[in-house]
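Here's work18.pdb, which has PDB, C-alpha atoms, pLDDT in the B column:
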ATOM      1  CA  MET F  10       0.837  23.943 214.528  1.00 35.00           C
ATOM      2  CA  LYS F  11      -2.751  23.891 215.692  1.00 36.00           C
ATOM      3  CA  SER F  12      -4.739  27.002 215.018  1.00 37.00           C
ATOM      4  CA  ILE F  13      -6.487  28.679 217.906  1.00 38.00           C
ATOM      5  CA  PHE F  14     -10.188  29.499 217.710  1.00 36.00           C
ATOM      6  CA  THR F  15     -11.705  32.168 219.879  1.00 40.00           C
ATOM      7  CA  TYR F  16     -15.453  32.082 220.241  1.00 40.00           C
ATOM      8  CA  SER F  17     -17.479  34.820 221.803  1.00 41.00           C
ATOM      9  CA  ILE F  18     -21.133  35.403 222.146  1.00 37.00           C
ATOM     10  CA  LEU F  19     -22.410  38.765 223.051  1.00 38.00           C
ATOM     11  CA  ALA F  20     -26.115  38.430 223.489  1.00 33.00           C
ATOM     12  CA  VAL F  21     -27.251  35.508 225.442  1.00 35.00           C
ATOM     13  CA  ALA F  22     -30.257  37.479 226.578  1.00 31.00           C
ATOM     14  CA  THR F  23     -31.318  40.393 224.385  1.00 31.00           C
ATOM     15  CA  ILE F  24     -28.141  42.042 223.212  1.00 35.00           C
ATOM     16  CA  SER F  25     -28.148  43.254 219.617  1.00 35.00           C
ATOM     17  CA  LEU F  26     -25.230  44.673 217.690  1.00 37.00           C
ATOM     18  CA  SER F  27     -25.984  48.308 216.980  1.00 39.00           C
ATOM     19  CA  ASN F  28     -22.635  49.881 216.135  1.00 45.00           C
ATOM     20  CA  CYS F  29     -19.158  48.631 215.325  1.00 45.00           C
ATOM     21  CA  THR F  30     -16.042  50.691 214.602  1.00 47.00           C
ATOM     22  CA  THR F  31     -12.317  50.007 214.597  1.00 47.00           C
ATOM     23  CA  THR F  32      -9.744  52.491 215.842  1.00 52.00           C
ATOM     24  CA  SER F  33      -6.082  51.570 215.854  1.00 67.00           C
ATOM     25  CA  ASN F  34      -5.792  48.203 217.610  1.00 85.00           C
ATOM     26  CA  ILE F  35      -9.128  48.478 219.419  1.00 83.00           C
ATOM     27  CA  ARG F  36     -12.408  47.327 217.896  1.00 84.00           C
ATOM     28  CA  HIS F  37     -15.383  49.086 219.487  1.00 86.00           C
ATOM     29  CA  ASP F  38     -18.815  47.458 219.668  1.00 86.00           C
ATOM     30  CA  SER F  39     -21.999  48.850 221.127  1.00 90.00           C
ATOM     31  CA  HIS F  40     -24.722  46.549 222.460  1.00 89.00           C
ATOM     32  CA  ARG F  41     -28.164  46.941 223.960  1.00 94.00           C
ATOM     33  CA  VAL F  42     -29.067  44.735 226.919  1.00 94.00           C
ATOM     34  CA  THR F  43     -32.417  44.335 228.655  1.00 97.00           C
ATOM     35  CA  ALA F  44     -32.218  43.162 232.274  1.00 98.00           C
ATOM     36  CA  ARG F  45     -34.807  42.618 234.999  1.00 98.00           C
ATOM     37  CA  SER F  46     -34.242  44.691 238.108  1.00 98.00           C
ATOM     38  CA  GLY F  47     -32.113  42.848 240.672  1.00 97.00           C
ATOM     39  CA  GLU F  48     -31.803  39.683 238.520  1.00 97.00           C
ATOM     40  CA  ARG F  49     -28.619  38.178 237.110  1.00 98.00           C
ATOM     41  CA  THR F  50     -28.494  38.654 233.313  1.00 97.00           C
ATOM     42  CA  SER F  51     -25.942  36.935 231.071  1.00 95.00           C
ATOM     43  CA  VAL F  52     -24.214  39.415 228.770  1.00 93.00           C
ATOM     44  CA  LEU F  53     -21.089  37.652 227.456  1.00 90.00           C
ATOM     45  CA  GLN F  54     -19.631  34.176 227.089  1.00 91.00           C
ATOM     46  CA  ASN F  55     -16.129  33.575 225.783  1.00 90.00           C
ATOM     47  CA  VAL F  56     -14.021  30.426 225.288  1.00 91.00           C
ATOM     48  CA  HIS F  57     -10.530  29.673 223.928  1.00 90.00           C
ATOM     49  CA  LEU F  58     -10.383  26.346 222.097  1.00 91.00           C
ATOM     50  CA  ASN F  59      -7.696  24.712 219.977  1.00 90.00           C
ATOM     51  CA  GLY F  60      -8.236  23.102 216.542  1.00 87.00           C
ATOM     52  CA  ASP F  61      -9.524  19.926 218.235  1.00 91.00           C
ATOM     53  CA  CYS F  62     -12.129  21.946 220.172  1.00 91.00           C
ATOM     54  CA  LYS F  63     -10.258  21.416 223.449  1.00 92.00           C
ATOM     55  CA  PHE F  64      -9.901  23.997 226.237  1.00 92.00           C
ATOM     56  CA  ILE F  65      -6.797  26.220 226.034  1.00 92.00           C
ATOM     57  CA  ASP F  66      -7.304  28.711 228.855  1.00 93.00           C
ATOM     58  CA  TYR F  67      -9.806  31.093 230.389  1.00 94.00           C
ATOM     59  CA  PRO F  68     -10.097  34.202 228.217  1.00 91.00           C
ATOM     60  CA  ARG F  69      -9.346  37.519 229.853  1.00 93.00           C
ATOM     61  CA  VAL F  70     -12.203  39.980 230.353  1.00 94.00           C
ATOM     62  CA  ASP F  71     -11.476  43.373 231.887  1.00 95.00           C
ATOM     63  CA  ILE F  72     -14.035  45.817 233.217  1.00 96.00           C
ATOM     64  CA  VAL F  73     -13.108  49.216 231.788  1.00 96.00           C
ATOM     65  CA  GLU F  74     -16.121  51.045 233.227  1.00 97.00           C
ATOM     66  CA  GLN F  75     -18.318  49.714 236.030  1.00 97.00           C
ATOM     67  CA  PRO F  76     -22.094  50.169 235.837  1.00 98.00           C
ATOM     68  CA  LYS F  77     -23.437  52.996 238.036  1.00 98.00           C
ATOM     69  CA  HIS F  78     -26.605  51.166 239.074  1.00 98.00           C
ATOM     70  CA  GLY F  79     -25.447  47.577 239.347  1.00 98.00           C
ATOM     71  CA  ARG F  80     -22.462  45.267 239.271  1.00 98.00           C
ATOM     72  CA  ILE F  81     -20.659  42.853 236.961  1.00 97.00           C
ATOM     73  CA  GLU F  82     -19.764  39.250 237.821  1.00 97.00           C
ATOM     74  CA  ILE F  83     -17.054  37.448 235.847  1.00 97.00           C
ATOM     75  CA  VAL F  84     -17.324  33.683 236.364  1.00 97.00           C
ATOM     76  CA  HIS F  85     -15.258  30.722 235.131  1.00 97.00           C
ATOM     77  CA  GLN F  86     -17.798  28.082 234.123  1.00 97.00           C
ATOM     78  CA  PRO F  87     -18.761  25.756 231.257  1.00 96.00           C
ATOM     79  CA  VAL F  88     -20.138  27.702 228.280  1.00 95.00           C
ATOM     80  CA  ILE F  89     -21.276  26.801 224.767  1.00 92.00           C
ATOM     81  CA  ALA F  90     -18.988  27.919 221.917  1.00 90.00           C
ATOM     82  CA  ASP F  91     -20.753  30.055 219.325  1.00 83.00           C
ATOM     83  CA  SER F  92     -18.948  31.774 216.467  1.00 72.00           C
ATOM     84  CA  GLY F  93     -21.827  34.150 215.816  1.00 71.00           C
ATOM     85  CA  GLY F  94     -23.192  32.391 212.740  1.00 63.00           C
ATOM     86  CA  LYS F  95     -19.870  31.686 211.001  1.00 65.00           C
ATOM     87  CA  LYS F  96     -20.449  27.883 211.181  1.00 63.00           C
ATOM     88  CA  MET F  97     -17.060  26.941 212.556  1.00 76.00           C
ATOM     89  CA  LYS F  98     -15.971  23.464 213.623  1.00 87.00           C
ATOM     90  CA  CYS F  99     -16.294  24.029 217.372  1.00 88.00           C
ATOM     91  CA  ASP F 100     -19.739  25.666 217.358  1.00 88.00           C
ATOM     92  CA  LYS F 101     -22.035  24.208 220.027  1.00 89.00           C
ATOM     93  CA  VAL F 102     -19.131  22.588 221.915  1.00 91.00           C
ATOM     94  CA  LYS F 103     -19.471  22.917 225.700  1.00 93.00           C
ATOM     95  CA  ALA F 104     -16.145  23.907 227.265  1.00 94.00           C
ATOM     96  CA  ASN F 105     -14.671  25.784 230.206  1.00 96.00           C
ATOM     97  CA  GLY F 106     -14.856  29.496 229.584  1.00 95.00           C
ATOM     98  CA  VAL F 107     -15.799  32.862 230.995  1.00 96.00           C
ATOM     99  CA  ALA F 108     -19.344  34.103 231.553  1.00 96.00           C
ATOM    100  CA  VAL F 109     -20.117  37.725 232.390  1.00 96.00           C
ATOM    101  CA  TYR F 110     -23.307  38.696 234.220  1.00 97.00           C
ATOM    102  CA  TYR F 111     -24.921  42.054 234.989  1.00 98.00           C
ATOM    103  CA  ILE F 112     -27.012  42.500 238.157  1.00 98.00           C
ATOM    104  CA  SER F 113     -28.768  45.825 238.806  1.00 98.00           C
ATOM    105  CA  GLN F 114     -29.354  47.231 242.267  1.00 97.00           C
ATOM    106  CA  PRO F 115     -32.595  45.753 243.668  1.00 96.00           C
ATOM    107  CA  GLY F 116     -35.568  47.936 242.728  1.00 97.00           C
ATOM    108  CA  TYR F 117     -33.625  50.031 240.210  1.00 98.00           C
ATOM    109  CA  VAL F 118     -35.439  50.693 236.906  1.00 98.00           C
ATOM    110  CA  GLY F 119     -33.856  52.799 234.170  1.00 98.00           C
ATOM    111  CA  SER F 120     -30.679  53.016 232.110  1.00 98.00           C
ATOM    112  CA  ASP F 121     -27.212  51.768 232.986  1.00 98.00           C
ATOM    113  CA  ARG F 122     -23.991  51.270 231.077  1.00 97.00           C
ATOM    114  CA  PHE F 123     -20.693  49.444 231.377  1.00 97.00           C
ATOM    115  CA  ILE F 124     -17.647  48.739 229.213  1.00 96.00           C
ATOM    116  CA  LEU F 125     -15.778  45.418 228.889  1.00 96.00           C
ATOM    117  CA  ARG F 126     -12.491  44.752 227.089  1.00 94.00           C
ATOM    118  CA  THR F 127     -11.144  41.430 225.813  1.00 91.00           C
ATOM    119  CA  PRO F 128      -7.864  40.842 223.966  1.00 87.00           C
ATOM    120  CA  GLU F 129      -8.054  38.808 220.752  1.00 79.00           C
ATOM    121  CA  GLU F 130      -5.466  36.289 219.569  1.00 71.00           C
ATOM    122  CA  SER F 131      -4.515  38.595 216.659  1.00 77.00           C
ATOM    123  CA  GLY F 132      -3.216  41.185 219.126  1.00 82.00           C
ATOM    124  CA  ARG F 133      -6.244  43.400 218.676  1.00 87.00           C
ATOM    125  CA  ILE F 134      -8.524  44.374 221.532  1.00 91.00           C
ATOM    126  CA  GLU F 135     -12.304  44.206 221.464  1.00 90.00           C
ATOM    127  CA  GLU F 136     -14.063  46.773 223.609  1.00 93.00           C
ATOM    128  CA  GLY F 137     -17.803  46.478 224.117  1.00 92.00           C
ATOM    129  CA  VAL F 138     -20.072  49.190 225.475  1.00 95.00           C
ATOM    130  CA  ALA F 139     -23.263  47.721 226.915  1.00 96.00           C
ATOM    131  CA  ASN F 140     -26.228  50.063 227.230  1.00 97.00           C
ATOM    132  CA  VAL F 141     -28.577  48.396 229.700  1.00 97.00           C
ATOM    133  CA  ASN F 142     -32.318  48.953 229.952  1.00 98.00           C
ATOM    134  CA  VAL F 143     -33.315  47.752 233.437  1.00 98.00           C
ATOM    135  CA  VAL F 144     -37.012  46.844 233.683  1.00 98.00           C
ATOM    136  CA  LYS F 145     -39.264  45.555 236.502  1.00 95.00           C
TER     137      LYS F 145
END
Write the structure described by the file as structure tokens, please.
Amino acid sequence: MKSIFTYSILAVATISLSNCTTTSNIRHDSHRVTARSGERTSVLQNVHLNGDCKFIDYPRVDIVEQPKHGRIEIVHQPVIADSGGKKMKCDKVKANGVAVYYISQPGYVGSDRFILRTPEESGRIEEGVANVNVVK
């Protein structure tokens, strides 16, 4: 049976891991994002690949909390697999996946926040809180 690899990158732009805790079946991560006012900023890419680095399906991403000063776009598009430095077989493979973008309201400068949730193959859930610093 082929093993399934799930690759996620949180931080295409300027996201940095600042806090990680696990409660029950939900793993909580906190990330900082810097976005330009009114511009589309990539905040997450996720792919599901099999052991041969082939597309399985589009990973699910749920918006738990919408941003107050912007919006989230979830797009099916080609993304680059990245295991976050674990040097796995499918790193750097381009495959169909999910990309998540944040866009602030035009002219808005200040703080924003949103929460995304993605199920993992192990049955756990990863929940990420993104604290956004919107600049000119």
_I want to know what sits within 10 Å of Asp66 (chain F), based on all atoms listed in the file, with residues of the same chain fewer than 3 positions away left out; could you give that as a VMD selection string?_
chain F and resid 56 to 59 63 69 105 to 107
Fewer than 2 positions away in the same chain doesn't count, so skip those; otherwise give me all residues within 6 Å of region 84-94 of chain F, counting only C-alpha atoms, as an mmCIF file with C-alpha atoms, keeping the file's coordinate frame.
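So selection24.cif came out as:
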data_model
loop_
_atom_site.group_PDB
_atom_site.id
_atom_site.type_symbol
_atom_site.label_atom_id
_atom_site.label_comp_id
_atom_site.auth_asym_id
_atom_site.auth_seq_id
_atom_site.Cartn_x
_atom_site.Cartn_y
_atom_site.Cartn_z
ATOM 1 C CA TYR F 16 -15.453 32.082 220.241
ATOM 2 C CA LYS F 96 -20.449 27.883 211.181
ATOM 3 C CA ASP F 100 -19.739 25.666 217.358
ATOM 4 C CA LYS F 101 -22.035 24.208 220.027
ATOM 5 C CA VAL F 102 -19.131 22.588 221.915
ATOM 6 C CA LYS F 103 -19.471 22.917 225.700
ATOM 7 C CA ALA F 104 -16.145 23.907 227.265
ATOM 8 C CA ASN F 105 -14.671 25.784 230.206
ATOM 9 C CA GLY F 106 -14.856 29.496 229.584
ATOM 10 C CA VAL F 107 -15.799 32.862 230.995
ATOM 11 C CA ALA F 108 -19.344 34.103 231.553
#
*For this file, the PyMOL selection byres ((chain F and resi 46) around 6) selects which residues, as number ranges by chain?*
F: 45, 47-48, 113, 115-117, 143-145
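CA of Phe123 (chain F) sits 7.6 Å away from CA of Val73 (chain F).
Applied to the shown file, the PyMOL selection byres ((chain F and resi 77) around 12) selects the residues Glu74, Gln75, Pro76, His78, Gly79, Arg80, Ile81, Tyr111, Ile112, Ser113, Gln114, Tyr117, Gly119, Ser120, Asp121, Arg122, Phe123, Ile124, Asn140 and Val141 of chain F.
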Evaluated on this file, the PyMOL selection byres ((chain F and resi 130-134) around 8) picks out some residues - which ones are they, written as an mmCIF file with C-alpha atoms, keeping the file's coordinate frame?
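Dumped everything to selection01.cif:
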data_model
loop_
_atom_site.group_PDB
_atom_site.id
_atom_site.type_symbol
_atom_site.label_atom_id
_atom_site.label_comp_id
_atom_site.auth_asym_id
_atom_site.auth_seq_id
_atom_site.Cartn_x
_atom_site.Cartn_y
_atom_site.Cartn_z
ATOM 1 C CA ILE F 13 -6.487 28.679 217.906
ATOM 2 C CA THR F 15 -11.705 32.168 219.879
ATOM 3 C CA ASN F 34 -5.792 48.203 217.610
ATOM 4 C CA ILE F 35 -9.128 48.478 219.419
ATOM 5 C CA ARG F 36 -12.408 47.327 217.896
ATOM 6 C CA ARG F 126 -12.491 44.752 227.089
ATOM 7 C CA THR F 127 -11.144 41.430 225.813
ATOM 8 C CA PRO F 128 -7.864 40.842 223.966
ATOM 9 C CA GLU F 129 -8.054 38.808 220.752
ATOM 10 C CA GLU F 135 -12.304 44.206 221.464
ATOM 11 C CA GLU F 136 -14.063 46.773 223.609
#
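Taking CA of Val118 (chain F) and CA of Ile83 (chain F) as endpoints, the distance between them is 22.7 Å.
CA of Val52 (chain F) sits 13.3 Å away from CA of Asp38 (chain F).
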Box time for region 109-118 of chain F: axis-aligned, enclosing all its listed atoms, 3 Å extra on each side; report centre and edge lengths in Å to one decimal, as JSON.
{"center_x": -27.8, "center_y": 44.2, "center_z": 238.0, "size_x": 21.5, "size_y": 19.0, "size_z": 17.3}
